[in-house]
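Source file: my_file_33.cif (mmCIF, C-alpha atoms and all ligand atoms)
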```
data_model
#
loop_
_atom_site.group_PDB
_atom_site.id
_atom_site.type_symbol
_atom_site.label_atom_id
_atom_site.label_comp_id
_atom_site.auth_asym_id
_atom_site.auth_seq_id
_atom_site.Cartn_x
_atom_site.Cartn_y
_atom_site.Cartn_z
ATOM 1 C CA MET G 1 -73.761 8.993 133.647
ATOM 2 C CA THR G 2 -76.890 9.410 135.774
ATOM 3 C CA THR G 3 -78.695 12.488 137.009
ATOM 4 C CA PRO G 4 -77.143 14.066 140.093
ATOM 5 C CA PRO G 5 -79.523 14.666 143.025
ATOM 6 C CA ASN G 6 -81.466 17.912 142.698
ATOM 7 C CA ILE G 7 -80.367 19.415 146.019
ATOM 8 C CA SER G 8 -82.977 22.197 145.751
ATOM 9 C CA GLN G 9 -85.725 19.559 145.964
ATOM 10 C CA MET G 10 -84.263 17.816 149.019
ATOM 11 C CA GLN G 11 -85.587 18.247 152.543
ATOM 12 C CA ILE G 12 -82.359 19.197 154.228
ATOM 13 C CA ASN G 13 -82.655 20.225 157.831
ATOM 14 C CA ASP G 14 -80.348 22.688 159.505
ATOM 15 C CA MET G 15 -78.074 19.915 160.658
ATOM 16 C CA LEU G 16 -74.403 20.424 160.046
ATOM 17 C CA TYR G 17 -72.864 17.305 158.600
ATOM 18 C CA ALA G 18 -69.299 16.622 159.591
ATOM 19 C CA ARG G 19 -66.963 13.670 160.061
ATOM 20 C CA ASP G 20 -68.479 10.348 161.165
ATOM 21 C CA MET G 21 -72.094 11.419 160.829
ATOM 22 C CA ALA G 22 -74.486 9.446 158.651
ATOM 23 C CA GLY G 23 -77.862 9.861 156.998
ATOM 24 C CA ASP G 24 -79.774 9.720 153.736
ATOM 25 C CA GLU G 25 -78.677 13.261 152.983
ATOM 26 C CA VAL G 26 -75.038 12.154 153.101
ATOM 27 C CA HIS G 27 -75.716 9.620 150.373
ATOM 28 C CA ALA G 28 -77.276 12.329 148.189
ATOM 29 C CA ILE G 29 -74.395 14.714 148.826
ATOM 30 C CA GLN G 30 -71.920 11.980 147.909
ATOM 31 C CA SER G 31 -73.792 11.350 144.636
ATOM 32 C CA TYR G 32 -73.775 15.081 143.919
ATOM 33 C CA LEU G 33 -70.044 15.390 144.603
ATOM 34 C CA ARG G 34 -69.269 12.285 142.570
ATOM 35 C CA HIS G 35 -71.312 13.476 139.597
ATOM 36 C CA TYR G 36 -69.539 16.816 139.398
ATOM 37 C CA GLY G 37 -66.064 15.307 139.765
ATOM 38 C CA TYR G 38 -65.215 16.154 143.369
ATOM 39 C CA LEU G 39 -65.109 12.660 144.880
ATOM 40 C CA GLN G 40 -61.858 11.233 143.658
ATOM 41 C CA ASP G 41 -60.284 7.809 144.020
ATOM 42 C CA GLN G 42 -57.161 9.146 145.672
ATOM 43 C CA PHE G 43 -59.283 10.355 148.582
ATOM 44 C CA GLY G 44 -59.501 6.769 149.865
ATOM 45 C CA ALA G 45 -62.331 4.307 150.459
ATOM 46 C CA LEU G 46 -65.798 5.787 150.370
ATOM 47 C CA HIS G 47 -68.458 4.499 152.764
ATOM 48 C CA ASP G 48 -71.817 5.101 151.178
ATOM 49 C CA GLY G 49 -74.062 7.234 153.401
ATOM 50 C CA GLU G 50 -71.302 8.016 155.905
ATOM 51 C CA TYR G 51 -69.577 11.340 156.224
ATOM 52 C CA ASP G 52 -66.150 9.738 156.019
ATOM 53 C CA GLU G 53 -62.679 11.061 155.222
ATOM 54 C CA ALA G 54 -63.144 10.776 151.440
ATOM 55 C CA THR G 55 -66.411 12.747 151.657
ATOM 56 C CA GLU G 56 -64.807 15.421 153.804
ATOM 57 C CA LYS G 57 -61.948 15.809 151.303
ATOM 58 C CA ALA G 58 -64.446 16.092 148.456
ATOM 59 C CA VAL G 59 -66.413 18.762 150.361
ATOM 60 C CA ARG G 60 -63.160 20.667 150.936
ATOM 61 C CA LEU G 61 -62.344 20.527 147.217
ATOM 62 C CA TYR G 62 -65.874 21.701 146.343
ATOM 63 C CA GLN G 63 -65.631 24.576 148.857
ATOM 64 C CA CYS G 64 -62.235 25.568 147.479
ATOM 65 C CA CYS G 65 -63.470 25.589 143.872
ATOM 66 C CA PHE G 66 -66.541 27.667 144.796
ATOM 67 C CA GLY G 67 -64.615 30.173 146.911
ATOM 68 C CA LEU G 68 -66.385 29.120 150.121
ATOM 69 C CA PRO G 69 -64.771 28.871 153.563
ATOM 70 C CA VAL G 70 -62.969 25.512 153.446
ATOM 71 C CA SER G 71 -64.306 23.755 156.544
ATOM 72 C CA GLY G 72 -64.805 20.229 155.256
ATOM 73 C CA ALA G 73 -68.207 20.301 156.959
ATOM 74 C CA LEU G 74 -71.515 20.501 155.157
ATOM 75 C CA ASP G 75 -72.444 23.943 156.448
ATOM 76 C CA GLN G 76 -75.268 26.234 155.340
ATOM 77 C CA ALA G 77 -73.100 28.170 152.866
ATOM 78 C CA THR G 78 -72.119 24.923 151.149
ATOM 79 C CA LEU G 79 -75.670 23.553 151.076
ATOM 80 C CA CYS G 80 -76.936 26.879 149.691
ATOM 81 C CA GLU G 81 -74.409 26.731 146.870
ATOM 82 C CA MET G 82 -75.331 23.116 146.077
ATOM 83 C CA ALA G 83 -79.032 24.038 145.968
ATOM 84 C CA LYS G 84 -78.463 26.740 143.341
ATOM 85 C CA PRO G 85 -79.523 26.030 139.771
ATOM 86 C CA ARG G 86 -76.494 25.197 137.672
ATOM 87 C CA CYS G 87 -75.066 23.693 134.527
ATOM 88 C CA GLY G 88 -75.190 19.888 134.380
ATOM 89 C CA PHE G 89 -71.635 19.657 133.142
ATOM 90 C CA VAL G 90 -68.940 18.086 135.314
ATOM 91 C CA ASP G 91 -66.631 20.570 137.056
ATOM 92 C CA ILE G 92 -63.211 19.249 136.261
ATOM 93 C CA PRO G 93 -61.485 20.730 139.274
ATOM 94 C CA PRO G 94 -58.826 22.896 137.640
ATOM 95 C CA ILE G 95 -55.356 23.068 139.069
ATOM 96 C CA GLY G 96 -54.170 26.610 139.668
ATOM 97 C CA GLY G 97 -55.656 28.748 136.921
ATOM 98 C CA ALA G 98 -59.192 29.757 136.200
ATOM 99 C CA PHE G 99 -60.509 28.683 132.778
ATOM 100 C CA THR G 100 -60.020 25.202 131.339
ATOM 101 C CA ALA G 101 -59.765 24.495 127.611
ATOM 102 C CA ILE G 102 -60.614 20.951 126.553
ATOM 103 C CA SER G 103 -60.813 20.659 122.753
ATOM 104 C CA ARG G 104 -61.449 22.867 119.715
ATOM 105 C CA TRP G 105 -63.232 22.918 116.374
ATOM 106 C CA GLU G 106 -60.817 22.728 113.443
ATOM 107 C CA GLN G 107 -62.812 25.205 111.350
ATOM 108 C CA SER G 108 -63.738 28.810 112.159
ATOM 109 C CA ASP G 109 -67.229 28.679 110.615
ATOM 110 C CA ILE G 110 -69.637 26.808 112.888
ATOM 111 C CA THR G 111 -73.201 25.933 111.915
ATOM 112 C CA TYR G 112 -76.165 25.336 114.216
ATOM 113 C CA ARG G 113 -79.778 24.220 114.037
ATOM 114 C CA PHE G 114 -82.786 23.962 116.357
ATOM 115 C CA ASN G 115 -84.227 20.469 116.769
ATOM 116 C CA SER G 116 -86.950 21.694 119.133
ATOM 117 C CA PHE G 117 -88.091 24.846 120.885
ATOM 118 C CA SER G 118 -89.264 25.692 124.387
ATOM 119 C CA THR G 119 -92.861 25.544 125.585
ATOM 120 C CA LYS G 120 -92.052 28.554 127.823
ATOM 121 C CA ILE G 121 -90.678 31.200 125.474
ATOM 122 C CA ALA G 122 -91.388 32.251 121.895
ATOM 123 C CA LYS G 123 -89.438 30.764 119.013
ATOM 124 C CA ALA G 124 -88.403 34.185 117.691
ATOM 125 C CA ASP G 125 -87.052 35.179 121.125
ATOM 126 C CA ILE G 126 -85.034 31.971 121.353
ATOM 127 C CA GLU G 127 -83.566 32.478 117.880
ATOM 128 C CA ARG G 128 -82.615 36.074 118.736
ATOM 129 C CA ASP G 129 -81.043 35.185 122.103
ATOM 130 C CA VAL G 130 -79.128 32.227 120.671
ATOM 131 C CA ALA G 131 -77.654 34.514 117.997
ATOM 132 C CA SER G 132 -76.753 37.063 120.708
ATOM 133 C CA ALA G 133 -75.167 34.350 122.864
ATOM 134 C CA PHE G 134 -73.012 33.177 119.936
ATOM 135 C CA ASP G 135 -72.079 36.817 119.220
ATOM 136 C CA LEU G 136 -70.552 37.131 122.704
ATOM 137 C CA TRP G 137 -67.998 34.478 121.697
ATOM 138 C CA SER G 138 -67.489 35.461 118.051
ATOM 139 C CA GLU G 139 -66.735 39.050 119.101
ATOM 140 C CA GLN G 140 -63.781 37.795 121.149
ATOM 141 C CA CYS G 141 -62.300 34.885 119.198
ATOM 142 C CA ASP G 142 -61.853 33.637 115.641
ATOM 143 C CA LEU G 143 -65.183 31.836 115.289
ATOM 144 C CA ARG G 144 -68.298 32.671 113.273
ATOM 145 C CA PHE G 145 -71.715 31.064 113.796
ATOM 146 C CA ALA G 146 -74.502 30.652 111.244
ATOM 147 C CA MET G 147 -77.902 28.980 111.467
ATOM 148 C CA SER G 148 -78.457 26.309 108.830
ATOM 149 C CA ALA G 149 -81.865 24.830 108.124
ATOM 150 C CA ASP G 150 -80.665 21.668 106.438
ATOM 151 C CA GLY G 151 -77.681 19.386 106.070
ATOM 152 C CA THR G 152 -75.332 18.311 108.825
ATOM 153 C CA VAL G 153 -74.600 20.994 111.379
ATOM 154 C CA ASP G 154 -72.003 21.286 114.136
ATOM 155 C CA ILE G 155 -74.248 22.334 117.020
ATOM 156 C CA GLU G 156 -77.769 20.908 117.389
ATOM 157 C CA ILE G 157 -79.886 22.797 119.936
ATOM 158 C CA GLU G 158 -82.898 21.328 121.690
ATOM 159 C CA PHE G 159 -85.236 21.743 124.643
ATOM 160 C CA ALA G 160 -86.236 18.569 126.461
ATOM 161 C CA GLN G 161 -87.723 17.302 129.719
ATOM 162 C CA GLY G 162 -86.452 14.323 131.720
ATOM 163 C CA ALA G 163 -84.842 11.564 129.677
ATOM 164 C CA HIS G 164 -84.129 12.779 126.153
ATOM 165 C CA GLY G 165 -81.956 10.243 124.391
ATOM 166 C CA ASP G 166 -78.505 10.957 125.798
ATOM 167 C CA GLU G 167 -77.235 9.509 129.086
ATOM 168 C CA ASN G 168 -77.950 12.683 131.064
ATOM 169 C CA PRO G 169 -81.684 12.926 131.810
ATOM 170 C CA PHE G 170 -82.935 16.276 133.100
ATOM 171 C CA ASP G 171 -84.221 16.583 136.660
ATOM 172 C CA GLY G 172 -87.336 18.772 136.738
ATOM 173 C CA PRO G 173 -87.389 22.411 137.893
ATOM 174 C CA SER G 174 -84.071 23.890 139.136
ATOM 175 C CA GLY G 175 -81.025 21.676 139.723
ATOM 176 C CA VAL G 176 -79.541 21.130 136.278
ATOM 177 C CA LEU G 177 -80.548 23.847 133.789
ATOM 178 C CA ALA G 178 -78.769 22.644 130.653
ATOM 179 C CA HIS G 179 -75.753 20.779 129.339
ATOM 180 C CA ALA G 180 -73.609 20.751 126.221
ATOM 181 C CA PHE G 181 -70.988 18.553 124.626
ATOM 182 C CA PHE G 182 -67.400 19.502 123.760
ATOM 183 C CA PRO G 183 -66.157 19.703 120.155
ATOM 184 C CA PRO G 184 -64.971 16.479 118.446
ATOM 185 C CA PRO G 185 -63.614 14.003 119.198
ATOM 186 C CA ASN G 186 -65.315 14.464 122.589
ATOM 187 C CA GLY G 187 -69.014 13.730 122.716
ATOM 188 C CA GLY G 188 -69.025 11.449 119.642
ATOM 189 C CA PRO G 189 -72.096 12.120 117.492
ATOM 190 C CA LEU G 190 -73.356 14.611 120.120
ATOM 191 C CA ALA G 191 -70.230 16.807 119.904
ATOM 192 C CA GLY G 192 -71.194 20.470 120.185
ATOM 193 C CA ASP G 193 -74.854 19.711 120.868
ATOM 194 C CA THR G 194 -76.578 21.817 123.500
ATOM 195 C CA HIS G 195 -79.666 20.769 125.493
ATOM 196 C CA PHE G 196 -81.885 22.933 127.728
ATOM 197 C CA ASP G 197 -84.191 21.598 130.472
ATOM 198 C CA ASP G 198 -87.687 22.714 129.439
ATOM 199 C CA ASP G 199 -88.899 22.261 133.032
ATOM 200 C CA GLU G 200 -87.108 25.522 133.914
ATOM 201 C CA ASN G 201 -88.878 28.846 134.222
ATOM 202 C CA TRP G 202 -87.040 30.305 131.216
ATOM 203 C CA THR G 203 -87.276 33.986 130.439
ATOM 204 C CA CYS G 204 -85.874 36.214 127.713
ATOM 205 C CA ASN G 205 -86.622 39.314 129.777
ATOM 206 C CA VAL G 206 -83.518 40.368 131.688
ATOM 207 C CA GLY G 207 -85.732 42.273 134.165
ATOM 208 C CA ASP G 208 -87.705 39.167 135.176
ATOM 209 C CA SER G 209 -86.038 38.252 138.469
ATOM 210 C CA GLN G 210 -88.219 35.136 138.918
ATOM 211 C CA GLY G 211 -87.094 33.471 135.725
ATOM 212 C CA ILE G 212 -83.857 31.892 134.523
ATOM 213 C CA ASP G 213 -82.284 34.143 131.892
ATOM 214 C CA PHE G 214 -82.100 32.022 128.743
ATOM 215 C CA LEU G 215 -79.419 34.135 127.035
ATOM 216 C CA THR G 216 -77.075 33.799 130.037
ATOM 217 C CA VAL G 217 -77.422 30.019 130.196
ATOM 218 C CA ALA G 218 -77.148 29.672 126.398
ATOM 219 C CA ALA G 219 -73.921 31.696 126.340
ATOM 220 C CA HIS G 220 -72.492 29.516 129.134
ATOM 221 C CA GLU G 221 -73.426 26.282 127.355
ATOM 222 C CA PHE G 222 -71.998 27.490 124.042
ATOM 223 C CA GLY G 223 -68.739 28.024 125.951
ATOM 224 C CA HIS G 224 -68.710 24.232 126.443
ATOM 225 C CA ALA G 225 -69.789 23.651 122.838
ATOM 226 C CA ILE G 226 -66.675 25.518 121.651
ATOM 227 C CA GLY G 227 -64.420 23.606 124.042
ATOM 228 C CA LEU G 228 -64.224 25.372 127.410
ATOM 229 C CA GLY G 229 -64.707 23.566 130.719
ATOM 230 C CA HIS G 230 -65.816 25.228 133.927
ATOM 231 C CA SER G 231 -63.892 28.108 135.428
ATOM 232 C CA ARG G 232 -63.261 28.375 139.151
ATOM 233 C CA GLN G 233 -63.336 32.149 138.905
ATOM 234 C CA ARG G 234 -66.549 33.544 140.384
ATOM 235 C CA GLY G 235 -67.747 36.209 137.940
ATOM 236 C CA ALA G 236 -66.706 34.208 134.877
ATOM 237 C CA LEU G 237 -69.545 33.197 132.571
ATOM 238 C CA MET G 238 -68.072 29.678 132.714
ATOM 239 C CA PHE G 239 -68.563 29.452 136.516
ATOM 240 C CA PRO G 240 -70.755 26.360 137.107
ATOM 241 C CA SER G 241 -73.702 27.817 139.020
ATOM 242 C CA TYR G 242 -76.319 30.373 137.952
ATOM 243 C CA SER G 243 -76.654 33.535 140.044
ATOM 244 C CA GLY G 244 -78.757 35.710 137.750
ATOM 245 C CA PRO G 245 -78.357 37.275 134.304
ATOM 246 C CA GLN G 246 -74.815 37.711 132.960
ATOM 247 C CA ARG G 247 -74.906 38.665 129.322
ATOM 248 C CA PHE G 248 -71.192 39.298 128.883
ATOM 249 C CA LEU G 249 -67.864 37.483 128.942
ATOM 250 C CA ALA G 250 -65.501 38.124 131.839
ATOM 251 C CA PRO G 251 -61.755 38.552 131.120
ATOM 252 C CA ASP G 252 -61.264 34.911 132.149
ATOM 253 C CA ASP G 253 -63.773 33.729 129.508
ATOM 254 C CA ILE G 254 -62.064 35.862 126.858
ATOM 255 C CA ALA G 255 -58.661 34.432 127.782
ATOM 256 C CA GLY G 256 -60.190 30.940 127.560
ATOM 257 C CA CYS G 257 -61.712 31.256 124.093
ATOM 258 C CA GLN G 258 -58.652 33.065 122.725
ATOM 259 C CA SER G 259 -56.410 30.268 124.048
ATOM 260 C CA LEU G 260 -58.354 27.916 121.746
ATOM 261 C CA TYR G 261 -59.036 30.091 118.691
ATOM 262 C CA GLY G 262 -57.004 33.298 118.955
ATOM 263 C CA PRO G 263 -58.521 36.769 118.657
ATOM 264 C CA PRO G 264 -61.123 37.532 115.951
ATOM 265 C CA SER G 265 -59.558 37.630 112.499
ATOM 266 C CA VAL G 266 -59.498 41.039 110.872
ATOM 267 C CA SER G 267 -61.944 41.049 107.965
ATOM 268 C CA ASP G 268 -61.009 42.236 104.470
ATOM 269 C CA THR G 269 -63.165 45.334 104.769
ATOM 270 C CA ASP G 270 -61.286 46.366 107.907
ATOM 271 C CA ASN G 271 -58.068 46.336 105.857
ATOM 272 C CA CYS G 272 -59.394 48.590 103.090
ATOM 273 C CA PRO G 273 -58.002 52.114 103.134
ATOM 274 C CA SER G 274 -60.836 54.516 103.701
HETATM 275 ZN ZN ZN I 1 -71.342 24.459 132.399
HETATM 276 CA CA CA I 2 -83.629 21.107 135.949
#
```
Will you turn the file into structure tokens for me?
Amino acid sequence: MTTPPNISQMQINDMLYARDMAGDEVHAIQSYLRHYGYLQDQFGALHDGEYDEATEKAVRLYQCCFGLPVSGALDQATLCEMAKPRCGFVDIPPIGGAFTAISRWEQSDITYRFNSFSTKIAKADIERDVASAFDLWSEQCDLRFAMSADGTVDIEIEFAQGAHGDENPFDGPSGVLAHAFFPPPNGGPLAGDTHFDDDENWTCNVGDSQGIDFLTVAAHEFGHAIGLGHSRQRGALMFPSYSGPQRFLAPDDIAGCQSLYGPPSVSDTDNCPS
């Protein structure tokens, strides 16, 4: 897999792209749509750089999944959505429902470790926000997360810039913010691992409107690390693009994690008569 074009860094004029038009931008849009799973073989032959029938169908599918007016043309609303910072994970276009569940951990106790920290935010803040992000999930489903300094862990967390050893190099500021790998057997040795682009303007301050809220993005990525794909429901934490801080799970996210792990188990102390 290669890096999708960072639409926010492209010089896109106000031109509306529609059927039978061509240009360098069309090539970039096709790469973007292909990367995120919208250009599909059944849409017919693709002509690179031409706004052909397959491209139009892919744009329609993208618009449908993002709740945009389905015009099939590359209009301003569609370009604006594509230019938003987002998760690097493929959007597997779901059929019908909202959340998608891909695979699950077999155990309820999940361990994690930091392989590296950010150059933008303090280590203690990252550790606190990661714990809070895991709490969002463990409060709603039968999983518990614990940091482990040594030994093999389930989820390895790192900050990196550009190429960083997997096949998904980061792309500089904006564009892709982070990505994560599903539980085994998906992802092979990287299963569960979660990577953040250290070229982003990360913040741990929910009031900082200029920054990207680290806790929000971490909670989204950990949704992948426990086995959820992207949701097509705007307002779900597992929606692919970032529109500001969201430090809570939506009902769709809760339904998703409980479909994999069930509700939180009742602890022994809760059963004790008072
Ligand atoms: Zn994602
Ligand atoms: Ca980026």
Test item: residues lying within 10 Å of ligand ZN 1 (chain I) with only C-alpha atoms and all ligand atoms, as a PyMOL selection string: chain G and resi 86-91+176-181+217-225+228-231+237-242
Spatial neighbours of Gly227 in chain G, max dist 6 Å, all atoms listed in the file, sep filter under 4 positions, as a PyMOL selection string: chain G and resi 101-104+182-183
Result set of the PyMOL selection byres (((chain G and resi 253) around 9) and not hetatm) on the coordinates above, as a PyMOL selection string: chain G and resi 99+137+223+228+231+236-238+249-252+254-258
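Among all protein and nucleic acid residues, the ones that lie within 7 Å of ligand CA 2 (chain I) when counting all atoms listed in the file are G:Phe170, G:Asp171, G:Gly172, G:Pro173, G:Ser174, G:Gly175, G:Val176, G:Leu177, G:Asp197, G:Asp199, G:Glu200.
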Next, write the just-selected residues to a file, as an mmCIF file, in the frame of the given file, keeping C-alpha atoms as the atom set.
```cif
data_model
loop_
_atom_site.group_PDB
_atom_site.id
_atom_site.type_symbol
_atom_site.label_atom_id
_atom_site.label_comp_id
_atom_site.auth_asym_id
_atom_site.auth_seq_id
_atom_site.Cartn_x
_atom_site.Cartn_y
_atom_site.Cartn_z
ATOM 1 C CA PHE G 170 -82.935 16.276 133.100
ATOM 2 C CA ASP G 171 -84.221 16.583 136.660
ATOM 3 C CA GLY G 172 -87.336 18.772 136.738
ATOM 4 C CA PRO G 173 -87.389 22.411 137.893
ATOM 5 C CA SER G 174 -84.071 23.890 139.136
ATOM 6 C CA GLY G 175 -81.025 21.676 139.723
ATOM 7 C CA VAL G 176 -79.541 21.130 136.278
ATOM 8 C CA LEU G 177 -80.548 23.847 133.789
ATOM 9 C CA ASP G 197 -84.191 21.598 130.472
ATOM 10 C CA ASP G 199 -88.899 22.261 133.032
ATOM 11 C CA GLU G 200 -87.108 25.522 133.914
#
```
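Once the PyMOL selection byres (((chain G and resi 263) around 6) and not hetatm) is applied to the shown structure, the selection contains Gln140, Cys141, Asp142, Gln258, Gly262 and Pro264 of chain G.
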Computed interatomic separation between CA of Ala122 in chain G and CA of Thr3 in chain G (Å): 27.9 Å
Reference answer for the PyMOL selection byres (((chain G and resi 127-132) around 9) and not hetatm), as number ranges by chain: G: 114, 122-126, 133-136, 145-147, 204, 214-216, 218-219, 247
Keeping C-alpha atoms, export the residues of the selection given above as a PDB file, keeping the file's coordinate frame.
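Wrote part_16.pdb, looks like this:
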```pdb
ATOM      1  CA  PHE G 114     -82.786  23.962 116.357  1.00  0.00           C
ATOM      2  CA  ALA G 122     -91.388  32.251 121.895  1.00  0.00           C
ATOM      3  CA  LYS G 123     -89.438  30.764 119.013  1.00  0.00           C
ATOM      4  CA  ALA G 124     -88.403  34.185 117.691  1.00  0.00           C
ATOM      5  CA  ASP G 125     -87.052  35.179 121.125  1.00  0.00           C
ATOM      6  CA  ILE G 126     -85.034  31.971 121.353  1.00  0.00           C
ATOM      7  CA  ALA G 133     -75.167  34.350 122.864  1.00  0.00           C
ATOM      8  CA  PHE G 134     -73.012  33.177 119.936  1.00  0.00           C
ATOM      9  CA  ASP G 135     -72.079  36.817 119.220  1.00  0.00           C
ATOM     10  CA  LEU G 136     -70.552  37.131 122.704  1.00  0.00           C
ATOM     11  CA  PHE G 145     -71.715  31.064 113.796  1.00  0.00           C
ATOM     12  CA  ALA G 146     -74.502  30.652 111.244  1.00  0.00           C
ATOM     13  CA  MET G 147     -77.902  28.980 111.467  1.00  0.00           C
ATOM     14  CA  CYS G 204     -85.874  36.214 127.713  1.00  0.00           C
ATOM     15  CA  PHE G 214     -82.100  32.022 128.743  1.00  0.00           C
ATOM     16  CA  LEU G 215     -79.419  34.135 127.035  1.00  0.00           C
ATOM     17  CA  THR G 216     -77.075  33.799 130.037  1.00  0.00           C
ATOM     18  CA  ALA G 218     -77.148  29.672 126.398  1.00  0.00           C
ATOM     19  CA  ALA G 219     -73.921  31.696 126.340  1.00  0.00           C
ATOM     20  CA  ARG G 247     -74.906  38.665 129.322  1.00  0.00           C
TER      21      ARG G 247
END
```
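Separating CA of Asn6 in chain G from CA of Gly207 in chain G is a distance of 26.2 Å.
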Mind working out the centre and edge lengths of an axis-aligned box for range 25-39 of chain G, all listed atoms inside, 6 Å added to each side, rounded to one decimal in Å and written as AutoDock Vina command-line options?
```
--center_x -71.9 --center_y 13.2 --center_z 146.2 --size_x 25.6 --size_y 19.2 --size_z 25.7
```
Sel. within 9 Å of pt (-60.9, 16.6, 150.3), counting all atoms listed in the file, output as a VMD selection string: chain G and resid 38 to 40 43 53 to 62 72
Would you fill out range 205-220 of chain G with N, CA and C atoms and return it as a PDB file, in the coordinates of the input?
```pdb
ATOM      1  N   ASN G 205     -86.522  37.956 129.257  1.00  0.00           N
ATOM      2  CA  ASN G 205     -86.622  39.314 129.777  1.00  0.00           C
ATOM      3  C   ASN G 205     -85.634  39.485 130.926  1.00  0.00           C
ATOM      4  N   VAL G 206     -84.596  40.253 130.702  1.00  0.00           N
ATOM      5  CA  VAL G 206     -83.518  40.368 131.688  1.00  0.00           C
ATOM      6  C   VAL G 206     -84.022  40.979 133.002  1.00  0.00           C
ATOM      7  N   GLY G 207     -85.173  41.657 132.957  1.00  0.00           N
ATOM      8  CA  GLY G 207     -85.732  42.273 134.165  1.00  0.00           C
ATOM      9  C   GLY G 207     -86.600  41.331 134.981  1.00  0.00           C
ATOM     10  N   ASP G 208     -86.841  40.128 134.477  1.00  0.00           N
ATOM     11  CA  ASP G 208     -87.705  39.167 135.176  1.00  0.00           C
ATOM     12  C   ASP G 208     -86.878  38.399 136.200  1.00  0.00           C
ATOM     13  N   SER G 209     -86.929  38.845 137.468  1.00  0.00           N
ATOM     14  CA  SER G 209     -86.038  38.252 138.469  1.00  0.00           C
ATOM     15  C   SER G 209     -86.499  36.859 138.896  1.00  0.00           C
ATOM     16  N   GLN G 210     -87.728  36.469 138.544  1.00  0.00           N
ATOM     17  CA  GLN G 210     -88.219  35.136 138.918  1.00  0.00           C
ATOM     18  C   GLN G 210     -87.746  34.052 137.955  1.00  0.00           C
ATOM     19  N   GLY G 211     -87.427  34.463 136.740  1.00  0.00           N
ATOM     20  CA  GLY G 211     -87.094  33.471 135.725  1.00  0.00           C
ATOM     21  C   GLY G 211     -85.600  33.204 135.632  1.00  0.00           C
ATOM     22  N   ILE G 212     -85.258  32.194 134.838  1.00  0.00           N
ATOM     23  CA  ILE G 212     -83.857  31.892 134.523  1.00  0.00           C
ATOM     24  C   ILE G 212     -83.566  32.529 133.168  1.00  0.00           C
ATOM     25  N   ASP G 213     -82.573  33.406 133.121  1.00  0.00           N
ATOM     26  CA  ASP G 213     -82.284  34.143 131.892  1.00  0.00           C
ATOM     27  C   ASP G 213     -81.711  33.202 130.822  1.00  0.00           C
ATOM     28  N   PHE G 214     -82.497  32.990 129.766  1.00  0.00           N
ATOM     29  CA  PHE G 214     -82.100  32.022 128.743  1.00  0.00           C
ATOM     30  C   PHE G 214     -80.795  32.413 128.064  1.00  0.00           C
ATOM     31  N   LEU G 215     -80.630  33.704 127.757  1.00  0.00           N
ATOM     32  CA  LEU G 215     -79.419  34.135 127.035  1.00  0.00           C
ATOM     33  C   LEU G 215     -78.157  33.823 127.854  1.00  0.00           C
ATOM     34  N   THR G 216     -78.226  34.073 129.157  1.00  0.00           N
ATOM     35  CA  THR G 216     -77.075  33.799 130.037  1.00  0.00           C
ATOM     36  C   THR G 216     -76.690  32.325 129.994  1.00  0.00           C
ATOM     37  N   VAL G 217     -77.707  31.456 130.148  1.00  0.00           N
ATOM     38  CA  VAL G 217     -77.422  30.019 130.196  1.00  0.00           C
ATOM     39  C   VAL G 217     -76.958  29.533 128.817  1.00  0.00           C
ATOM     40  N   ALA G 218     -77.565  30.070 127.748  1.00  0.00           N
ATOM     41  CA  ALA G 218     -77.148  29.672 126.398  1.00  0.00           C
ATOM     42  C   ALA G 218     -75.689  30.054 126.158  1.00  0.00           C
ATOM     43  N   ALA G 219     -75.306  31.262 126.553  1.00  0.00           N
ATOM     44  CA  ALA G 219     -73.921  31.696 126.340  1.00  0.00           C
ATOM     45  C   ALA G 219     -72.956  30.800 127.111  1.00  0.00           C
ATOM     46  N   HIS G 220     -73.334  30.423 128.342  1.00  0.00           N
ATOM     47  CA  HIS G 220     -72.492  29.516 129.134  1.00  0.00           C
ATOM     48  C   HIS G 220     -72.345  28.162 128.422  1.00  0.00           C
TER      49      HIS G 220
END
```
